[in-house]
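The structure under discussion appears below in the form of structure tokens.
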Amino acid sequence: MTWLRNVRERLHTHPAWVRLMLSLSVIGPGLVTANADNDPGGITTYSTVGATFGYDMLWGLILVTISLVVIQEMAARLGTVTGRGLADLIREEFGVKMAFLAMLTLLLANLATTASEFAGMAASLEIFGVPRWVTIPITAVVVWWSVTAGSYRRLERIFLILAGAFITYILSGLLIRPDWGMVLRQAVVPRFHWTPSFMLLFVGMVGTTITPWMQFYLQASVVDKGLTVQDLHYVRWDVTIGSLWSDLVSFFIIVTTAATLFPHGIHIQTAEDAARALEPFAGAYATILFAVGLFAAGFLAAAILPLSTAYALSEAFGFERSVNRSWKEAPVFFWLFTSILGIGALLPLIPGLSLVRMMLFAQDVNGFLLPVILIFMLRLVNNRRLMGTHTNGPVYNVIVWVTVLFLVLLTLVLLGSTILPLGR
């Protein structure tokens, strides 16, 4: 890409402050990907964590954040070094059958999650009296136009503006003035409940913080933006800042509901429930901020989820894919995006369909499938033929394998608890 090549050339010929400003143009994929993960489903999960168990899972979020930084860096490094997306590499290195299995599970999870994004946007505006049959069609058209009518560079700017809207959750958390001493203590002192409800929610929290689609989208967007191994230093900063910002927002969502809803025994099913329930304890401003953040989260994720699926499916089966292409150049890519977006927008309008169950199903499926995707990534990133000198170091491998084994163990314990109940 010409503009990116010009940036690289100018980075070496200007003063430090100019180089800093120019390097910011390389940043984007990591920040967008991590923040898109704080979607309505994620916000619901974090809100449920706080409302149901108070601050007891904060320590888990801290550990998951470390894993998130490492895994996102791996995905970005795979993209910058190989110049290819994750689905493309899985197909070539592990065969078409494995690629098909990975794509099928990704498609099912992403369809359910995309529906929850539109449901979340509709719910956020229903707080202000706007019906969902108005919100969903309009936002679907705007999302579709935003992705299909421009370049990756313009699209990324829109995504970054939306990511900035998540500051509303931090402001909402500050408004309630929690006991910060207790918050910080619970964040570093592990507390684990050996009950199915705690473990299922813990798996859901991990599954919504580190999702399979994130790795496919991040790697594809790094390639689509034209980033190479020359940009690896800036890409690492991008994914680190993005991951930390994303989980700081998640941290404040848990704190907000733990400080207000948990002491009063108020249980919620959706992020909309959480927003409405905040008002008696934190005032109308907290509710408004929570609702604004929910809409921005839904809009961002409603674009990213179908886009990540279109990238992955097109890569896996060898079709042209890029938002920088025209419809004529990449018809399969754009039709996949349009179809997934359309189905995701229609599902919340079906009377009687339980969007809460669909959303929680998608989060838990993400948690169960994540180990499989991470094993693919570990094998790829440690392949010297592909990565040369940019393979994983021992620390990275240990962190990711511990994440994989923990998820597998937690899943097995959870399944075993259905046979031998561990408690309520």
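Order determines the names: the first chain of the structure tokens is A, the second B, and so forth; residues in each chain are numbered 1 upward, and ligands are numbered 1 upward as they are shown.
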Which of segment 77-203 of chain A fall in alpha helix (DSSP H), as a ChimeraX atom specification: /A:77-82,86-94,96-126,132-148,152-164,167-176,180-188,196-203
Next, write the just-selected residues to a file, as a tab-separated table (two decimals), in the first residue's frame, keeping C-alpha atoms as the atom set.
chain	number	residue	atom	x	y	z
A	77	ARG	CA	3.27	-11.84	14.32
A	78	LEU	CA	1.95	-14.69	12.16
A	79	GLY	CA	0.31	-12.14	9.88
A	80	THR	CA	3.25	-9.74	9.58
A	81	VAL	CA	5.88	-12.45	9.01
A	82	THR	CA	3.95	-14.73	6.62
A	86	LEU	CA	-4.82	-17.74	9.87
A	87	ALA	CA	-7.44	-19.70	7.88
A	88	ASP	CA	-5.16	-19.71	4.84
A	89	LEU	CA	-2.31	-21.15	6.92
A	90	ILE	CA	-4.54	-23.78	8.58
A	91	ARG	CA	-5.74	-24.99	5.17
A	92	GLU	CA	-2.23	-25.22	3.72
A	93	GLU	CA	-0.49	-26.72	6.77
A	94	PHE	CA	-3.22	-29.03	8.15
A	96	VAL	CA	-8.83	-28.86	3.78
A	97	LYS	CA	-10.75	-31.11	6.22
A	98	MET	CA	-9.30	-29.41	9.29
A	99	ALA	CA	-9.87	-26.00	7.73
A	100	PHE	CA	-13.49	-26.93	6.97
A	101	LEU	CA	-14.08	-28.08	10.58
A	102	ALA	CA	-12.56	-24.88	11.98
A	103	MET	CA	-14.60	-22.72	9.59
A	104	LEU	CA	-17.87	-24.53	10.35
A	105	THR	CA	-17.53	-24.03	14.10
A	106	LEU	CA	-16.43	-20.42	13.60
A	107	LEU	CA	-19.45	-19.75	11.36
A	108	LEU	CA	-21.96	-21.17	13.88
A	109	ALA	CA	-20.50	-19.24	16.80
A	110	ASN	CA	-20.19	-16.01	14.81
A	111	LEU	CA	-23.76	-16.14	13.46
A	112	ALA	CA	-25.12	-16.41	17.00
A	113	THR	CA	-22.77	-13.69	18.22
A	114	THR	CA	-23.65	-11.32	15.35
A	115	ALA	CA	-27.34	-11.67	16.25
A	116	SER	CA	-26.48	-10.73	19.82
A	117	GLU	CA	-24.69	-7.57	18.60
A	118	PHE	CA	-27.87	-6.31	16.93
A	119	ALA	CA	-29.92	-7.36	19.93
A	120	GLY	CA	-27.55	-5.37	22.15
A	121	MET	CA	-27.83	-2.24	20.02
A	122	ALA	CA	-31.62	-2.56	19.97
A	123	ALA	CA	-31.72	-3.06	23.74
A	124	SER	CA	-29.55	0.01	24.35
A	125	LEU	CA	-31.94	2.27	22.43
A	126	GLU	CA	-35.05	0.63	23.89
A	132	ARG	CA	-35.93	-2.61	17.86
A	133	TRP	CA	-37.75	-2.83	14.49
A	134	VAL	CA	-36.48	0.72	13.87
A	135	THR	CA	-32.98	0.33	15.34
A	136	ILE	CA	-31.96	-2.96	13.72
A	137	PRO	CA	-32.74	-2.26	10.02
A	138	ILE	CA	-31.16	1.21	10.16
A	139	THR	CA	-27.99	0.08	11.94
A	140	ALA	CA	-27.66	-2.97	9.64
A	141	VAL	CA	-27.70	-0.71	6.57
A	142	VAL	CA	-25.21	1.73	8.12
A	143	VAL	CA	-22.85	-1.10	9.13
A	144	TRP	CA	-23.10	-2.64	5.63
A	145	TRP	CA	-22.38	0.69	3.93
A	146	SER	CA	-19.47	1.48	6.28
A	147	VAL	CA	-17.70	-1.76	5.36
A	148	THR	CA	-18.49	-2.08	1.66
A	152	TYR	CA	-9.55	-0.49	5.02
A	153	ARG	CA	-7.91	2.76	6.12
A	154	ARG	CA	-11.24	4.65	6.30
A	155	LEU	CA	-12.99	1.71	7.94
A	156	GLU	CA	-10.29	1.47	10.60
A	157	ARG	CA	-10.77	5.14	11.51
A	158	ILE	CA	-14.48	4.50	12.11
A	159	PHE	CA	-13.64	1.50	14.28
A	160	LEU	CA	-11.09	3.47	16.35
A	161	ILE	CA	-13.64	6.23	17.04
A	162	LEU	CA	-16.13	3.61	18.23
A	163	ALA	CA	-13.47	2.00	20.42
A	164	GLY	CA	-13.02	5.36	22.18
A	167	ILE	CA	-14.59	5.17	28.12
A	168	THR	CA	-18.26	5.46	29.14
A	169	TYR	CA	-17.88	2.25	31.17
A	170	ILE	CA	-14.90	3.64	33.03
A	171	LEU	CA	-16.83	6.83	33.80
A	172	SER	CA	-19.81	4.75	34.91
A	173	GLY	CA	-17.56	2.77	37.26
A	174	LEU	CA	-16.04	5.93	38.72
A	175	LEU	CA	-19.50	7.41	39.36
A	176	ILE	CA	-20.43	4.61	41.76
A	180	TRP	CA	-11.14	0.48	45.88
A	181	GLY	CA	-9.20	-1.22	48.66
A	182	MET	CA	-11.51	-4.24	48.43
A	183	VAL	CA	-11.45	-4.13	44.62
A	184	LEU	CA	-7.65	-4.22	44.45
A	185	ARG	CA	-7.43	-6.93	47.11
A	186	GLN	CA	-9.88	-9.18	45.26
A	187	ALA	CA	-8.00	-8.55	42.00
A	188	VAL	CA	-4.84	-10.19	43.35
A	196	PRO	CA	-21.11	-25.54	38.10
A	197	SER	CA	-22.50	-22.00	37.89
A	198	PHE	CA	-19.15	-20.42	38.82
A	199	MET	CA	-17.17	-22.64	36.44
A	200	LEU	CA	-19.56	-22.14	33.52
A	201	LEU	CA	-19.41	-18.36	33.99
A	202	PHE	CA	-15.62	-18.53	34.31
A	203	VAL	CA	-15.42	-20.43	31.01
Near-segment 391-400 of chain A list (12 Å; only C-alpha atoms; drop same-chain fewer than 3 positions) as JSON, numbers by chain: {"A": [63, 64, 65, 66, 67, 68, 69, 70, 71, 72, 73, 74, 75, 77, 78, 81, 82, 210, 370, 371, 372, 373, 374, 375, 376, 377, 378, 379, 380, 381, 382, 383, 384, 385, 386, 387, 388, 403, 404, 405, 406, 407]}
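Taking only C-alpha atoms into account, Ser246 of chain A lies nearest to A:Thr209 out of the set A:Gln230, A:Thr338, A:Thr260, A:Thr209.
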Å distance separating atom CA of Lys328 of chain A from atom CA of Phe299 of chain A, one decimal place: 26.5 Å
